[in-house]
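Following: one structure in structure tokens, then a few remarks.
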Amino acid sequence: NSFEFTSYWSDGSNKNIRDLVDFTATFFAKHTILNILTKYCVYTEKRVLMVMRPYQISAAERILERLQTANTYKKMGTVDAGGYIWHTTGSGKTLTSFKTALLAKDLPFIDKVLFVVDRQDLDYQTMKEYDKFQKGAANGNKSTTVLEKQLSGYTMNPTTRKWEKTNPKIIVTTIQKLGCFIKKYKVHEIYNKHIVLIFDECHRSHFGELHQRITKTFKNYHIFGFTGT
């Protein structure tokens with residue numbers, strides 16, 4: 001029953017809407033309330049209903065809007081096809097990126113969503129976080145070889161220990177493994193596929209020579225960075 005667990009509804013500029021009439025006019029608008037109920041809620045593995053905060057919804061919508069516009073005007077591989085999201089530490093970047101990845105993978109023109117982190121422990125941590133939201137929603141990998149298999153459309157069956165053609169749409173990997181993949185596989189079908197690259201903590205993981213190699217290797221890509229810095 002504490003007020004600290006509530007939050008204000010706010011507009012696209014993150015300005016709180018305190019007036020009850022204005023709140024009713026925006027929050028209870030048919031398209032808004034339906035979008036929140038059908039797109040911007042997460043029913044976790046622990047049977048907890050999480051509702052995204054306004055700034056998280058705004059971030060996800062901006063990304064989806066950018067994907068649609070870039071696809072319509074064939075802007076893939078340019079600055080106009082991507083962007084960055086600034087969420088302060090502890091404000092729910094993982095939930096925003098998870099929901100964005102889920103919504104992006106369902107777009108008919110998107111082939112794969114790669115969520116890229118910059119250390120092995122963050123790779124595992126992100127997978128655990130994603131599994132809390134939806135078990136098995138994303139696929140992780142322990143080596144460049146496994147990453148290659150996943151990008152080719154395969155996942156490992158944990159029971160039979162055999163690769164099966166399941167076409168995983170969301171893959172979590174490290175920037176190091178992605179860099180090794182590009183170096184090892186000069187030619188690969190994924191380079192021409194329509195993909196979304198989401199970089200976590202992009203202020204420290206995505207720059208310099210590796211950035212240039214990624215942007216030169218992939219052809220139909222969108223890059224979005226998440227940072228709290």
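Labels used: A, B, ... for chains in the order of the structure tokens, numbers from 1 for residues in each chain, and numbers from 1 for ligands as shown.
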Near-segment 10-26 of chain A list (10 Å; only C-alpha atoms; drop same-chain fewer than 6 positions) as a PyMOL selection string: chain A and resi 32-33+53-55+57-59+61-62
Nearest residue to Val42 of chain A from the set A:Gln176, A:Gln134, A:Ser2, A:Asn192 (distances using only C-alpha atoms): A:Gln134
Segment 46-145 of chain A: residues DSSP assigns to helix (DSSP H, G or I), reported as a VMD selection string: chain A and resid 54 to 72 79 to 81 93 to 105 120 to 133 144 to 145
Please list as a compact mmCIF listing (two decimals) with C-alpha atoms, in the first residue's frame every residue within 12 Å of Gly179 of chain A, counting only C-alpha atoms and excluding residues in the same chain fewer than 6 positions away.
```txt
# COMPACT_ATOMS: atom_id res chain seq x y z
CA VAL A 116 24.84 -7.98 -27.90
CA VAL A 117 26.52 -7.56 -24.49
CA ASP A 118 30.17 -6.90 -23.76
CA SER A 143 31.21 -20.31 -28.55
CA THR A 144 31.50 -18.78 -32.00
CA LEU A 147 26.64 -18.68 -32.62
CA GLU A 148 27.17 -19.67 -36.26
CA THR A 173 25.72 -13.05 -27.57
CA TYR A 185 33.19 -16.42 -41.43
CA LYS A 186 33.94 -14.04 -44.27
CA SER A 205 31.00 -1.93 -26.02
CA HIS A 206 30.44 -0.50 -29.46
CA GLU A 209 37.46 -0.83 -35.46
CA LEU A 210 34.94 -3.49 -34.45
CA HIS A 211 32.07 -1.10 -35.11
CA GLN A 212 33.44 -0.49 -38.62
CA ARG A 213 33.80 -4.23 -39.26
CA ILE A 214 30.19 -4.85 -38.18
CA THR A 215 28.77 -2.03 -40.32
CA THR A 217 29.97 -6.83 -42.99
```
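In this comparison, which uses only C-alpha atoms, the residue of A:Thr145, A:Asn157, A:Asn71, A:Gln125 approaching Ile195 of chain A most closely is A:Asn71.
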